[in-house]
$ cat my_file_35.csv   # CSV, C-alpha atoms and all ligand atoms
chain,number,residue,atom,x,y,z
A,1,MET,CA,-2.2,9.6,26.0
A,2,LYS,CA,-1.9,11.3,22.6
A,3,ILE,CA,1.4,11.1,20.9
A,4,LEU,CA,2.4,13.0,17.8
A,5,GLY,CA,4.7,10.7,15.8
A,6,ILE,CA,7.1,12.3,13.2
A,7,GLU,CA,9.0,10.2,10.6
A,8,THR,CA,11.5,11.5,8.0
A,9,SER,CA,14.2,8.8,8.0
A,10,CYS,CA,14.2,8.2,4.2
A,11,ASP,CA,11.9,9.6,1.5
A,12,GLU,CA,8.5,9.8,3.3
A,13,THR,CA,7.5,12.9,5.3
A,14,ALA,CA,5.0,11.6,7.8
A,15,ALA,CA,3.2,12.6,11.0
A,16,SER,CA,0.4,11.0,12.9
A,17,VAL,CA,-1.5,11.3,16.2
A,18,VAL,CA,-2.0,8.0,18.0
A,19,GLU,CA,-3.9,7.6,21.3
A,20,ASP,CA,-2.6,5.1,23.8
A,21,GLY,CA,-0.5,3.3,21.3
A,22,VAL,CA,-3.3,1.9,19.2
A,23,LYS,CA,-5.9,4.4,18.2
A,24,ILE,CA,-4.9,6.2,15.0
A,25,LEU,CA,-6.5,9.6,15.1
A,26,SER,CA,-4.7,10.8,12.0
A,27,ASN,CA,-2.0,9.6,9.7
A,28,VAL,CA,-0.5,11.8,7.0
A,29,VAL,CA,2.2,10.5,4.7
A,30,VAL,CA,3.7,12.5,1.8
A,31,SER,CA,5.9,10.3,-0.3
A,32,GLN,CA,8.7,11.5,-2.6
A,33,ILE,CA,8.4,8.4,-4.7
A,34,ASP,CA,7.3,10.4,-7.8
A,35,ILE,CA,10.5,12.5,-7.6
A,36,PHE,CA,12.8,9.5,-7.2
A,37,ALA,CA,11.0,7.3,-9.7
A,38,GLU,CA,12.7,9.5,-12.3
A,39,TYR,CA,16.1,8.8,-10.9
A,40,GLY,CA,15.6,5.2,-10.0
A,41,GLY,CA,16.5,5.7,-6.4
A,42,VAL,CA,16.7,8.2,-3.5
A,43,ILE,CA,19.0,11.2,-3.7
A,44,PRO,CA,19.7,12.2,-0.1
A,45,GLU,CA,20.1,16.0,-0.6
A,46,VAL,CA,16.8,16.1,-2.6
A,47,ALA,CA,15.1,14.0,0.0
A,48,ALA,CA,16.2,16.4,2.8
A,49,ARG,CA,15.0,19.5,0.9
A,50,SER,CA,11.6,17.9,0.2
A,51,HIS,CA,11.2,17.0,3.9
A,52,LEU,CA,11.9,20.6,4.7
A,53,GLU,CA,9.1,21.8,2.4
A,54,ALA,CA,6.5,19.1,3.5
A,55,MET,CA,7.3,18.8,7.2
A,56,MET,CA,5.2,21.6,8.7
A,57,PRO,CA,2.2,21.2,6.4
A,58,VAL,CA,2.2,17.4,7.2
A,59,ILE,CA,2.3,18.0,10.9
A,60,ASN,CA,-0.4,20.7,10.7
A,61,LYS,CA,-2.6,18.3,8.7
A,62,ALA,CA,-2.0,15.5,11.2
A,63,LEU,CA,-3.2,17.7,14.0
A,64,LEU,CA,-6.2,19.0,12.0
A,65,ASP,CA,-7.3,15.5,11.0
A,66,ALA,CA,-7.0,14.3,14.6
A,67,SER,CA,-9.1,17.4,15.7
A,68,CYS,CA,-6.3,18.2,18.1
A,69,ASP,CA,-4.5,21.4,19.0
A,70,TRP,CA,-1.2,21.5,20.8
A,71,ASP,CA,-3.0,21.4,24.2
A,72,ASP,CA,-4.3,18.0,23.3
A,73,ILE,CA,-0.9,16.5,22.5
A,74,ASP,CA,0.9,14.8,25.5
A,75,ALA,CA,4.2,14.0,23.8
A,76,ILE,CA,6.2,14.2,20.6
A,77,ALA,CA,8.0,11.2,19.2
A,78,VAL,CA,10.5,11.4,16.4
A,79,THR,CA,12.8,9.0,14.4
A,80,HIS,CA,16.4,9.8,15.3
A,81,ALA,CA,18.0,6.7,13.9
A,82,PRO,CA,18.9,5.1,11.5
A,83,GLY,CA,18.4,6.6,8.1
A,84,LEU,CA,19.7,9.4,5.8
A,85,LEU,CA,21.6,12.0,7.7
A,86,GLY,CA,19.9,15.1,6.1
A,87,SER,CA,16.4,13.5,6.3
A,88,LEU,CA,16.8,12.6,10.0
A,89,LEU,CA,18.0,16.1,10.7
A,90,ILE,CA,14.9,17.8,9.3
A,91,GLY,CA,12.5,15.6,11.4
A,92,THR,CA,14.5,15.8,14.6
A,93,LEU,CA,15.2,19.6,14.4
A,94,THR,CA,11.4,20.1,13.7
A,95,ALA,CA,10.5,17.9,16.7
A,96,ARG,CA,13.0,19.5,19.0
A,97,THR,CA,11.8,23.0,18.1
A,98,LEU,CA,8.1,22.0,18.6
A,99,ALA,CA,8.9,20.3,21.9
A,100,ILE,CA,10.6,23.5,23.2
A,101,LEU,CA,8.0,25.8,21.7
A,102,HIS,CA,5.0,23.9,23.1
A,103,ASP,CA,6.7,22.5,26.2
A,104,LYS,CA,6.1,18.8,25.4
A,105,PRO,CA,8.2,15.8,26.4
A,106,LEU,CA,10.2,14.6,23.4
A,107,TYR,CA,11.0,10.9,22.7
A,108,ALA,CA,13.5,9.7,20.2
A,109,VAL,CA,12.6,6.4,18.5
A,110,HIS,CA,14.7,3.9,16.5
A,111,HIS,CA,13.2,3.4,13.0
A,112,LEU,CA,13.3,-0.4,13.2
A,113,LYS,CA,11.5,-0.5,16.5
A,114,SER,CA,8.8,1.6,14.8
A,115,HIS,CA,8.5,-0.8,12.0
A,116,VAL,CA,8.1,-3.7,14.5
A,117,TYR,CA,5.4,-1.7,16.5
A,118,ALA,CA,3.3,-1.2,13.3
A,119,ASN,CA,2.1,-4.7,14.3
A,120,TRP,CA,0.4,-3.4,17.4
A,121,LEU,CA,-1.6,-0.9,15.3
A,122,PRO,CA,-5.1,-1.9,14.0
A,123,GLU,CA,-5.8,-2.3,10.4
A,124,THR,CA,-6.0,1.0,8.7
A,125,SER,CA,-5.9,2.6,5.4
A,126,LEU,CA,-3.8,5.7,4.9
A,127,ALA,CA,-3.4,7.9,1.9
A,128,ARG,CA,-0.2,8.6,0.2
A,129,SER,CA,0.4,11.6,-2.0
A,130,SER,CA,3.2,13.0,-4.0
A,131,SER,CA,5.4,15.6,-2.3
A,132,ASP,CA,4.0,18.5,-4.3
A,133,THR,CA,0.5,18.1,-3.0
A,134,LEU,CA,-1.2,17.3,0.3
A,135,LYS,CA,-4.5,16.9,-1.5
A,136,GLY,CA,-4.5,13.1,-1.4
A,137,ALA,CA,-3.6,12.9,2.3
A,138,ARG,CA,-6.7,11.7,4.2
A,139,PRO,CA,-7.1,10.9,7.9
A,140,SER,CA,-7.4,7.4,9.0
A,141,LEU,CA,-9.9,7.4,11.8
A,142,ARG,CA,-10.2,4.4,14.1
A,143,SER,CA,-12.7,4.0,16.9
A,144,SER,CA,-11.8,2.0,19.9
A,145,GLU,CA,-14.5,-0.6,19.2
A,146,ASN,CA,-12.7,-1.5,16.0
A,147,LEU,CA,-9.5,-2.5,17.9
A,148,THR,CA,-10.4,-6.2,17.9
A,149,ARG,CA,-7.1,-7.4,16.5
A,150,LEU,CA,-5.2,-9.7,18.8
A,151,VAL,CA,-1.8,-8.3,19.8
A,152,PRO,CA,1.4,-10.4,19.4
A,153,GLN,CA,2.5,-12.3,22.4
A,154,PHE,CA,6.1,-12.5,23.9
A,155,PRO,CA,8.6,-13.9,23.5
A,156,LEU,CA,8.4,-13.2,19.8
A,157,LEU,CA,10.5,-13.2,16.7
A,158,ALA,CA,10.4,-10.2,14.4
A,159,LEU,CA,11.5,-10.4,10.8
A,160,VAL,CA,12.4,-6.9,9.8
A,161,ILE,CA,12.6,-6.6,6.0
A,162,SER,CA,12.9,-3.1,4.5
A,163,GLY,CA,14.9,-1.0,2.1
A,164,GLY,CA,17.9,-0.8,4.3
A,165,HIS,CA,17.6,-3.8,6.7
A,166,THR,CA,17.1,-7.5,6.8
A,167,GLN,CA,17.2,-8.8,10.3
A,168,ILE,CA,15.6,-11.3,12.6
A,169,LEU,CA,15.1,-9.9,16.1
A,170,HIS,CA,14.3,-11.8,19.3
A,171,MET,CA,12.0,-9.9,21.6
A,172,PRO,CA,11.6,-11.3,25.1
A,173,GLY,CA,9.3,-8.4,26.0
A,174,HIS,CA,8.3,-4.9,25.1
A,175,ASN,CA,11.2,-2.7,24.0
A,176,GLN,CA,13.7,-5.5,24.3
A,177,PHE,CA,15.6,-6.3,21.1
A,178,GLU,CA,18.3,-8.8,20.3
A,179,ILE,CA,19.6,-9.2,16.7
A,180,ILE,CA,19.8,-13.0,16.0
A,181,GLY,CA,20.3,-12.7,12.2
A,182,THR,CA,21.2,-10.0,9.8
A,183,THR,CA,22.2,-9.5,6.2
A,184,HIS,CA,25.9,-9.6,5.3
A,185,ASP,CA,25.4,-7.3,2.3
A,186,ASP,CA,22.2,-6.0,0.6
A,187,ALA,CA,18.8,-5.7,2.3
A,188,VAL,CA,16.0,-7.7,0.7
A,189,GLY,CA,14.1,-4.5,-0.2
A,190,GLU,CA,17.2,-3.2,-1.9
A,191,CYS,CA,17.5,-6.5,-3.8
A,192,PHE,CA,13.8,-6.1,-5.0
A,193,ASP,CA,14.8,-2.6,-6.2
A,194,LYS,CA,17.9,-3.7,-8.0
A,195,VAL,CA,16.3,-6.7,-9.7
A,196,ALA,CA,13.5,-4.4,-10.8
A,197,LYS,CA,16.1,-2.1,-12.4
A,198,ILE,CA,17.6,-5.0,-14.3
A,199,LEU,CA,14.1,-6.0,-15.6
A,200,GLY,CA,13.3,-2.4,-16.5
A,201,LEU,CA,10.5,-2.1,-13.9
A,202,PRO,CA,9.9,1.2,-12.1
A,203,TYR,CA,11.2,2.4,-8.7
A,204,PRO,CA,10.4,1.3,-6.0
A,205,GLY,CA,11.0,-2.2,-7.2
A,206,GLY,CA,9.1,-4.2,-4.6
A,207,PRO,CA,5.5,-3.3,-5.6
A,208,ALA,CA,6.5,-3.4,-9.3
A,209,ILE,CA,8.0,-6.9,-9.0
A,210,ALA,CA,5.0,-8.1,-7.0
A,211,LYS,CA,2.7,-6.8,-9.8
A,212,ALA,CA,4.7,-8.2,-12.7
A,213,ALA,CA,5.0,-11.6,-10.8
A,214,GLU,CA,1.2,-12.0,-10.9
A,215,GLY,CA,1.4,-12.7,-14.6
A,216,GLY,CA,4.5,-14.8,-14.4
A,217,ASN,CA,5.6,-18.4,-14.1
A,218,ALA,CA,7.6,-18.6,-10.8
A,219,ASN,CA,9.1,-21.9,-11.8
A,220,ARG,CA,10.6,-20.9,-15.1
A,221,TYR,CA,14.0,-19.7,-13.9
A,222,LYS,CA,15.9,-21.6,-11.1
A,223,LEU,CA,17.7,-19.2,-8.9
A,224,PRO,CA,20.1,-20.2,-6.1
A,225,HIS,CA,19.7,-19.8,-2.3
A,226,PRO,CA,22.8,-18.2,-0.8
A,227,LYS,CA,24.9,-20.4,1.4
A,228,VAL,CA,25.0,-18.4,4.6
A,229,THR,CA,25.3,-20.2,7.8
A,230,GLY,CA,23.2,-19.6,10.9
A,231,LEU,CA,20.4,-17.1,10.8
A,232,ASP,CA,22.2,-14.5,8.7
A,233,PHE,CA,21.2,-13.5,5.1
A,234,SER,CA,22.9,-12.5,1.9
A,235,PHE,CA,21.0,-10.9,-1.0
A,236,SER,CA,23.7,-9.5,-3.3
A,237,GLY,CA,24.3,-13.0,-4.8
A,238,LEU,CA,20.7,-13.4,-5.7
A,239,LYS,CA,20.7,-10.1,-7.5
A,240,THR,CA,23.8,-11.1,-9.5
A,241,ALA,CA,22.2,-14.5,-10.2
A,242,VAL,CA,19.1,-12.8,-11.7
A,243,LEU,CA,21.5,-10.6,-13.8
A,244,ARG,CA,23.4,-13.6,-15.1
A,245,ALA,CA,20.2,-15.6,-15.8
A,246,VAL,CA,18.8,-12.6,-17.8
A,247,GLN,CA,22.0,-12.3,-19.8
A,248,LYS,CA,22.0,-16.0,-20.5
A,249,GLU,CA,18.3,-15.9,-21.5
A,250,VAL,CA,18.8,-13.1,-24.1
A,251,GLY,CA,22.1,-14.5,-25.2
A,252,VAL,CA,24.5,-11.7,-24.4
A,253,PRO,CA,28.0,-11.8,-22.6
A,254,ILE,CA,28.3,-10.8,-18.9
A,255,SER,CA,30.0,-7.6,-20.0
A,256,TYR,CA,26.8,-6.4,-21.7
A,257,PRO,CA,25.4,-3.2,-20.0
A,258,SER,CA,22.7,-4.2,-17.5
A,259,HIS,CA,20.6,-1.1,-18.2
A,260,LYS,CA,20.2,-2.2,-21.8
A,261,LEU,CA,18.9,-5.8,-21.0
A,262,LYS,CA,15.3,-4.7,-20.6
A,263,GLU,CA,15.2,-3.9,-24.3
A,264,LEU,CA,15.9,-7.5,-25.1
A,265,LEU,CA,13.3,-9.0,-22.8
A,266,SER,CA,9.7,-9.8,-23.7
A,267,GLU,CA,6.9,-8.9,-21.4
A,268,GLN,CA,6.4,-12.5,-20.5
A,269,GLN,CA,10.1,-13.0,-19.7
A,270,ILE,CA,10.0,-10.0,-17.4
A,271,CYS,CA,7.0,-11.4,-15.6
A,272,ASP,CA,8.6,-14.8,-15.3
A,273,PHE,CA,11.8,-13.4,-14.0
A,274,ALA,CA,9.9,-11.2,-11.5
A,275,ALA,CA,7.9,-14.3,-10.3
A,276,SER,CA,10.9,-16.5,-10.1
A,277,PHE,CA,12.9,-13.9,-8.1
A,278,GLN,CA,10.0,-13.2,-5.8
A,279,LYS,CA,9.5,-16.9,-5.1
A,280,THR,CA,13.2,-17.3,-4.3
A,281,ALA,CA,13.3,-14.2,-2.0
A,282,VAL,CA,10.3,-15.4,-0.1
A,283,GLU,CA,11.7,-19.0,0.2
A,284,ILE,CA,14.9,-17.6,1.7
A,285,LEU,CA,13.1,-15.4,4.2
A,286,VAL,CA,10.8,-18.3,5.3
A,287,GLU,CA,13.7,-20.8,5.5
A,288,LYS,CA,15.6,-18.5,7.9
A,289,LEU,CA,12.6,-17.7,9.9
A,290,GLU,CA,11.9,-21.5,10.3
A,291,ALA,CA,15.5,-22.0,11.4
A,292,ALA,CA,15.1,-19.2,14.0
A,293,LEU,CA,11.9,-20.8,15.3
A,294,LYS,CA,13.9,-24.0,15.9
A,295,GLU,CA,16.5,-22.1,17.9
A,296,PHE,CA,13.8,-20.3,19.9
A,297,PRO,CA,11.2,-23.0,20.5
A,298,ASP,CA,9.4,-20.9,23.2
A,299,THR,CA,8.4,-18.2,20.6
A,300,LYS,CA,4.8,-17.3,21.0
A,301,SER,CA,4.4,-15.0,18.0
A,302,VAL,CA,6.1,-14.0,14.8
A,303,VAL,CA,5.8,-10.5,13.5
A,304,VAL,CA,6.9,-9.2,10.1
A,305,ALA,CA,7.9,-5.6,9.6
A,306,GLY,CA,9.2,-3.0,7.1
A,307,GLY,CA,8.3,-2.1,3.6
A,308,VAL,CA,8.8,-5.7,2.1
A,309,SER,CA,6.2,-7.0,4.6
A,310,ALA,CA,3.6,-5.5,2.2
A,311,ASN,CA,4.5,-8.4,-0.2
A,312,LYS,CA,1.4,-10.6,-0.8
A,313,ALA,CA,3.4,-13.7,-1.7
A,314,LEU,CA,5.2,-13.5,1.6
A,315,ARG,CA,2.0,-12.9,3.5
A,316,GLU,CA,0.6,-16.1,1.9
A,317,ALA,CA,3.7,-18.0,2.8
A,318,LEU,CA,3.5,-17.1,6.5
A,319,PRO,CA,-0.2,-17.4,7.3
A,320,GLU,CA,0.4,-17.6,11.1
A,321,ALA,CA,2.6,-14.5,11.3
A,322,TYR,CA,1.5,-11.0,12.2
A,323,PHE,CA,1.8,-8.4,9.4
A,324,PRO,CA,1.1,-4.7,9.6
A,325,ALA,CA,-1.8,-3.4,7.6
A,326,PRO,CA,-0.3,-3.1,4.1
A,327,ASP,CA,-0.4,0.7,4.2
A,328,LEU,CA,1.5,0.7,7.5
A,329,SER,CA,4.3,-1.6,6.2
A,330,GLY,CA,6.2,1.4,4.8
A,331,ASP,CA,7.4,4.4,6.6
A,332,ASN,CA,4.7,6.4,8.6
A,333,GLY,CA,4.3,8.4,11.7
A,334,ALA,CA,1.7,6.2,13.4
A,335,MET,CA,4.3,3.4,14.0
A,336,VAL,CA,6.7,6.0,15.6
A,337,ALA,CA,4.0,7.1,18.0
A,338,ALA,CA,3.1,3.4,18.8
A,339,ALA,CA,6.7,2.5,19.4
A,340,SER,CA,7.2,5.5,21.6
A,341,TYR,CA,4.1,4.7,23.6
A,342,TYR,CA,5.4,1.2,24.5
A,343,GLU,CA,8.8,2.7,25.3
A,344,ILE,CA,7.2,5.1,27.7
A,345,GLN,CA,5.3,2.1,29.3
A,346,SER,CA,8.7,0.4,29.7
A,347,GLY,CA,10.0,3.3,31.6
A,348,VAL,CA,12.0,5.2,28.9
A,349,LYS,CA,12.4,8.9,29.9
A,350,PRO,CA,12.0,11.9,27.6
A,351,THR,CA,15.1,13.2,25.9
A,352,ASP,CA,16.5,16.7,26.2
A,353,PRO,CA,15.2,18.7,23.2
A,354,TYR,CA,18.2,20.9,23.3
A,355,LYS,CA,20.6,17.9,22.9
A,356,LEU,CA,18.8,15.2,20.9
A,357,ASN,CA,21.3,13.8,18.3
A,358,ILE,CA,20.8,11.7,15.2
A,359,TYR,CA,22.4,8.3,14.5
A,360,PRO,CA,22.3,7.4,10.8
A,361,ARG,CA,23.7,3.9,11.3
A,362,ILE,CA,23.1,2.8,14.9
A,363,SER,CA,21.8,-0.7,15.7
A,364,VAL,CA,18.4,-1.5,17.2
A,365,GLU,CA,20.1,-3.1,20.2
A,366,ASN,CA,21.5,0.2,21.4
A,401,LIG,N1,4.9,-5.3,-2.1
A,401,LIG,C1,6.2,-5.3,-1.9
A,401,LIG,N2,7.0,-6.4,-2.1
A,401,LIG,C2,8.3,-6.4,-1.9
A,401,LIG,N3,9.0,-5.3,-1.5
A,401,LIG,C3,8.3,-4.1,-1.3
A,401,LIG,C4,6.8,-4.1,-1.5
A,401,LIG,N4,6.4,-2.8,-1.2
A,401,LIG,C5,7.5,-2.1,-0.8
A,401,LIG,N5,8.6,-2.9,-0.9
A,401,LIG,C6,10.0,-2.5,-0.7
A,401,LIG,O1,10.2,-2.0,0.6
A,401,LIG,C7,11.3,-1.1,0.7
A,401,LIG,C8,10.9,0.2,1.4
A,401,LIG,O2,10.6,-0.1,2.7
A,401,LIG,P1,10.8,0.9,3.9
A,401,LIG,O3,10.1,2.2,3.5
A,401,LIG,O4,10.5,0.3,5.1
A,401,LIG,O5,12.4,1.1,3.7
A,401,LIG,P2,13.3,2.2,4.2
A,401,LIG,O6,12.6,3.0,5.3
A,401,LIG,O7,13.8,3.0,3.0
A,401,LIG,O8,14.5,1.5,4.9
A,401,LIG,P3,14.7,1.2,6.4
A,401,LIG,O9,13.4,1.0,7.0
A,401,LIG,O10,15.6,0.0,6.4
A,401,LIG,O11,15.4,2.4,6.9
A,401,LIG,C9,11.7,-0.8,-0.8
A,401,LIG,O12,12.9,-1.5,-1.0
A,401,LIG,C10,10.5,-1.4,-1.6
A,401,LIG,O13,10.9,-1.9,-2.9
A,402,MG,MG,11.6,2.1,6.8
$ encode --input "my_file_35.csv" --output "structure tokens"
Amino acid sequence: MKILGIETSCDETAASVVEDGVKILSNVVVSQIDIFAEYGGVIPEVAARSHLEAMMPVINKALLDASCDWDDIDAIAVTHAPGLLGSLLIGTLTARTLAILHDKPLYAVHHLKSHVYANWLPETSLARSSSDTLKGARPSLRSSENLTRLVPQFPLLALVISGGHTQILHMPGHNQFEIIGTTHDDAVGECFDKVAKILGLPYPGGPAIAKAAEGGNANRYKLPHPKVTGLDFSFSGLKTAVLRAVQKEVGVPISYPSHKLKELLSEQQICDFAASFQKTAVEILVEKLEAALKEFPDTKSVVVAGGVSANKALREALPEAYFPAPDLSGDNGAMVAAASYYEIQSGVKPTDPYKLNIYPRISVEN
């Protein structure tokens, strides 16, 4: 079964053809990172407009790379929740129109489920390119003999760590999700992005912090672990702790504008702060995951999902866990197609293309 997966929930316009949930025939991702690096964050209206421009070229390229025409496609899957309203609208309206036009069943997929199901996809390397060009978008071809990766076993725990979410999910089986821990405030990816801003590192902050941390001393600055009971998280305090530690380090009062702090930091101090912050963030995630494993002793696998799962220090701290291929950690269409495949296997029925709605804030449990 060949599914065309479409993803536009934030600032990546992506489409992919995946066969039987695991065989990636194509995977095209056009990122708007170049546009938003200038602003230091995503501007929803600009993101929606960029999706509109890139959407059809990305889909056509995904079909071309997979050597498919519409007759070869069995179903269309699209992210309908959660995410930016305008961005979700472009992806879903495109998918609805194509489903009607080509008479294909349409499946609506929750974005966090897609991130989790990236762990069922084989290692791959996909190309990212800026939104003004599709030149860099290459296909990622996988042959079935390469699919040697062992799949996660149920019941499992999924640590979902992205730009908008930080949750621990309990999954007794395919397509069954129970939230057992969630953040009270910022997501961990958001925290990486905000700390990067304080340190004068570029957007998105996660990769920039990871890179700076390579040259830093992770033990130089002691940062606190938030006191949150149970399996929940809090990351806004950690961001403020970094801010206060930087202000103290450079000897300015707490009223000093945070955007000017970077001018007072040496390169070594930036690297040391990046390393100390990354170490603390990883420790917090690992601690909560260990607590969750104690509460769910029959867990057979742990999977990590979402953009922050690309983090190398976290991968090293959790050697037993499943991680997506680093290039499949961020938003992409292959994970949407994979999630949809397993939903279909679980008996989920297609949605009405004339009625499909978007849900910018709905939980993965719905
Ligand atoms: N190597 C890395 N280390 C840490 N964080 C990273 C790394 N690479 C990316 N990130 C972070 O991942 C986040 C983006 O992940 P993702 O694309 O999954 O988020 P999103 O789709 O915007 O949000 P959500 O999935 O919650 O809707 C950003 O906050 C980015 O800084
Ligand atoms: Mg995402």
$ closest_residue --input "my_file_35.csv" --among "A:Ser276, A:Ser346, A:Gly306, A:Ser31" --to "Ile161 in chain A" --atoms "all atoms listed in the file"
A:Gly306
$ closest_atom_pairs --input "my_file_35.csv" --of "chain A" --to "ligand LIG 401 (chain A)" --cutoff "6 Å" --atoms "all atoms listed in the file" --output "CSV"
residue,atom,partner,partner_atom,distance
A:Cys10,CA,A:LIG401,O7,5.4
A:Gly83,CA,A:LIG401,O11,5.3
A:Ser162,CA,A:LIG401,O2,4.2
A:Gly163,CA,A:LIG401,O5,3.6
A:Gly164,CA,A:LIG401,O10,3.2
A:His165,CA,A:LIG401,O10,4.3
A:Gly189,CA,A:LIG401,O12,3.3
A:Glu190,CA,A:LIG401,O12,4.7
A:Phe192,CA,A:LIG401,O13,5.5
A:Asp193,CA,A:LIG401,O13,5.2
A:Pro204,CA,A:LIG401,O13,4.5
A:Gly205,CA,A:LIG401,O13,4.3
A:Gly206,CA,A:LIG401,N3,3.3
A:Pro207,CA,A:LIG401,N1,4.1
A:Ala210,CA,A:LIG401,N2,5.6
A:Gly306,CA,A:LIG401,O4,4.1
A:Gly307,CA,A:LIG401,O2,3.2
A:Val308,CA,A:LIG401,N3,3.6
A:Ala310,CA,A:LIG401,N1,4.5
A:Asn311,CA,A:LIG401,N1,3.7
A:Gly330,CA,A:LIG401,O3,4.2
A:Asp331,CA,A:LIG401,O3,4.7
$ atom_distance --input "my_file_35.csv" --atom1 "CA of Val364 in chain A" --atom2 "CA of Ala321 in chain A"
21.3 Å
$ closest_residue --input "my_file_35.csv" --among "A:Gln269, A:Thr280, A:Thr8, A:Gln167" --to "ligand MG 402 (chain A)" --atoms "only C-alpha atoms and all ligand atoms"
A:Thr8
$ residues_around --input "my_file_35.csv" --residues "Ser340 in chain A" --least-positions-apart "5" --cutoff "12 Å" --atoms "only C-alpha atoms" --output "ChimeraX atom specification"
/A:1-6,17-22,74-80,105-118,120,174-175,333-335,345-351
$ residues_around --input "my_file_35.csv" --residues "range 220-231 of chain A" --least-positions-apart "4" --cutoff "7 Å" --atoms "all atoms listed in the file" --output "list in words"
Ile180, Gly181, Gly237, Leu238, Ala241, Asp272, Phe273, Ser276, Thr280, Ile284, Lys288, Ala291 and Ala292 of chain A
$ closest_residue --input "my_file_35.csv" --among "A:Asn217, A:Ser258, A:Ser9, A:Ser301" --to "Val151 in chain A" --atoms "all atoms listed in the file"
A:Ser301
$ atom_distance --input "my_file_35.csv" --atom1 "CA of Ala81 in chain A" --atom2 "CA of Leu289 in chain A"
25.3 Å
$ closest_residue --input "my_file_35.csv" --among "A:His184, A:Lys239, A:Lys211, A:Lys300" --to "Lys312 in chain A" --atoms "only C-alpha atoms"
A:Lys211
$ closest_residue --input "my_file_35.csv" --among "A:Thr240, A:Thr183, A:Ser50, A:Thr13" --to "ligand MG 402 (chain A)" --atoms "all atoms listed in the file"
A:Thr13
$ atom_distance --input "my_file_35.csv" --atom1 "CA of Phe277 in chain A" --atom2 "CA of Gly216 in chain A"
10.5 Å
$ residues_around --input "my_file_35.csv" --residues "Gly41 in chain A" --least-positions-apart "4" --cutoff "8 Å" --atoms "only C-alpha atoms" --output "list of chain:residue names"
A:Phe36, A:Ala37, A:Tyr203, A:Pro204
$ closest_residue --input "my_file_35.csv" --among "A:Asn219, A:Asn357, A:Ser67, A:Thr94" --to "Lys279 in chain A" --atoms "only C-alpha atoms"
A:Asn219
$ residues_around --input "my_file_35.csv" --residues "Ser309 in chain A" --least-positions-apart "5" --cutoff "8 Å" --atoms "only C-alpha atoms" --output "list of chain:residue names"
A:Ile161, A:Ser162, A:Val304, A:Leu314, A:Arg315, A:Phe323, A:Pro324, A:Pro326, A:Ser329
$ write_last_selection --input "my_file_35.csv" --atoms "C-alpha atoms" --output "CSV table (one decimal), in the frame of the given file"
chain,number,residue,atom,x,y,z
A,161,ILE,CA,12.6,-6.6,6.0
A,162,SER,CA,12.9,-3.1,4.5
A,304,VAL,CA,6.9,-9.2,10.1
A,314,LEU,CA,5.2,-13.5,1.6
A,315,ARG,CA,2.0,-12.9,3.5
A,323,PHE,CA,1.8,-8.4,9.4
A,324,PRO,CA,1.1,-4.7,9.6
A,326,PRO,CA,-0.3,-3.1,4.1
A,329,SER,CA,4.3,-1.6,6.2
$ residues_around --input "my_file_35.csv" --residues "Ala48 in chain A" --least-positions-apart "4" --cutoff "9 Å" --atoms "all atoms listed in the file" --output "PDB file with C-alpha atoms, keeping the file's coordinate frame"
ATOM      1  CA  THR A   8      11.500  11.500   8.000  1.00  0.00           C
ATOM      2  CA  CYS A  10      14.200   8.200   4.200  1.00  0.00           C
ATOM      3  CA  ASP A  11      11.900   9.600   1.500  1.00  0.00           C
ATOM      4  CA  ILE A  43      19.000  11.200  -3.700  1.00  0.00           C
ATOM      5  CA  PRO A  44      19.700  12.200  -0.100  1.00  0.00           C
ATOM      6  CA  LEU A  52      11.900  20.600   4.700  1.00  0.00           C
ATOM      7  CA  GLU A  53       9.100  21.800   2.400  1.00  0.00           C
ATOM      8  CA  LEU A  84      19.700   9.400   5.800  1.00  0.00           C
ATOM      9  CA  LEU A  85      21.600  12.000   7.700  1.00  0.00           C
ATOM     10  CA  GLY A  86      19.900  15.100   6.100  1.00  0.00           C
ATOM     11  CA  SER A  87      16.400  13.500   6.300  1.00  0.00           C
ATOM     12  CA  LEU A  88      16.800  12.600  10.000  1.00  0.00           C
ATOM     13  CA  LEU A  89      18.000  16.100  10.700  1.00  0.00           C
ATOM     14  CA  ILE A  90      14.900  17.800   9.300  1.00  0.00           C
TER      15      ILE A  90
END
$ residues_near_point --input "my_file_35.csv" --point "(-2.7, 24.5, 16.7)" --cutoff "12 Å" --atoms "only C-alpha atoms" --output "list in words"
Met56, Pro57, Ile59, Asn60, Lys61, Ala62, Leu63, Leu64, Asp65, Ala66, Ser67, Cys68, Asp69, Trp70, Asp71, Asp72, Ile73, Leu98, Leu101 and His102 of chain A
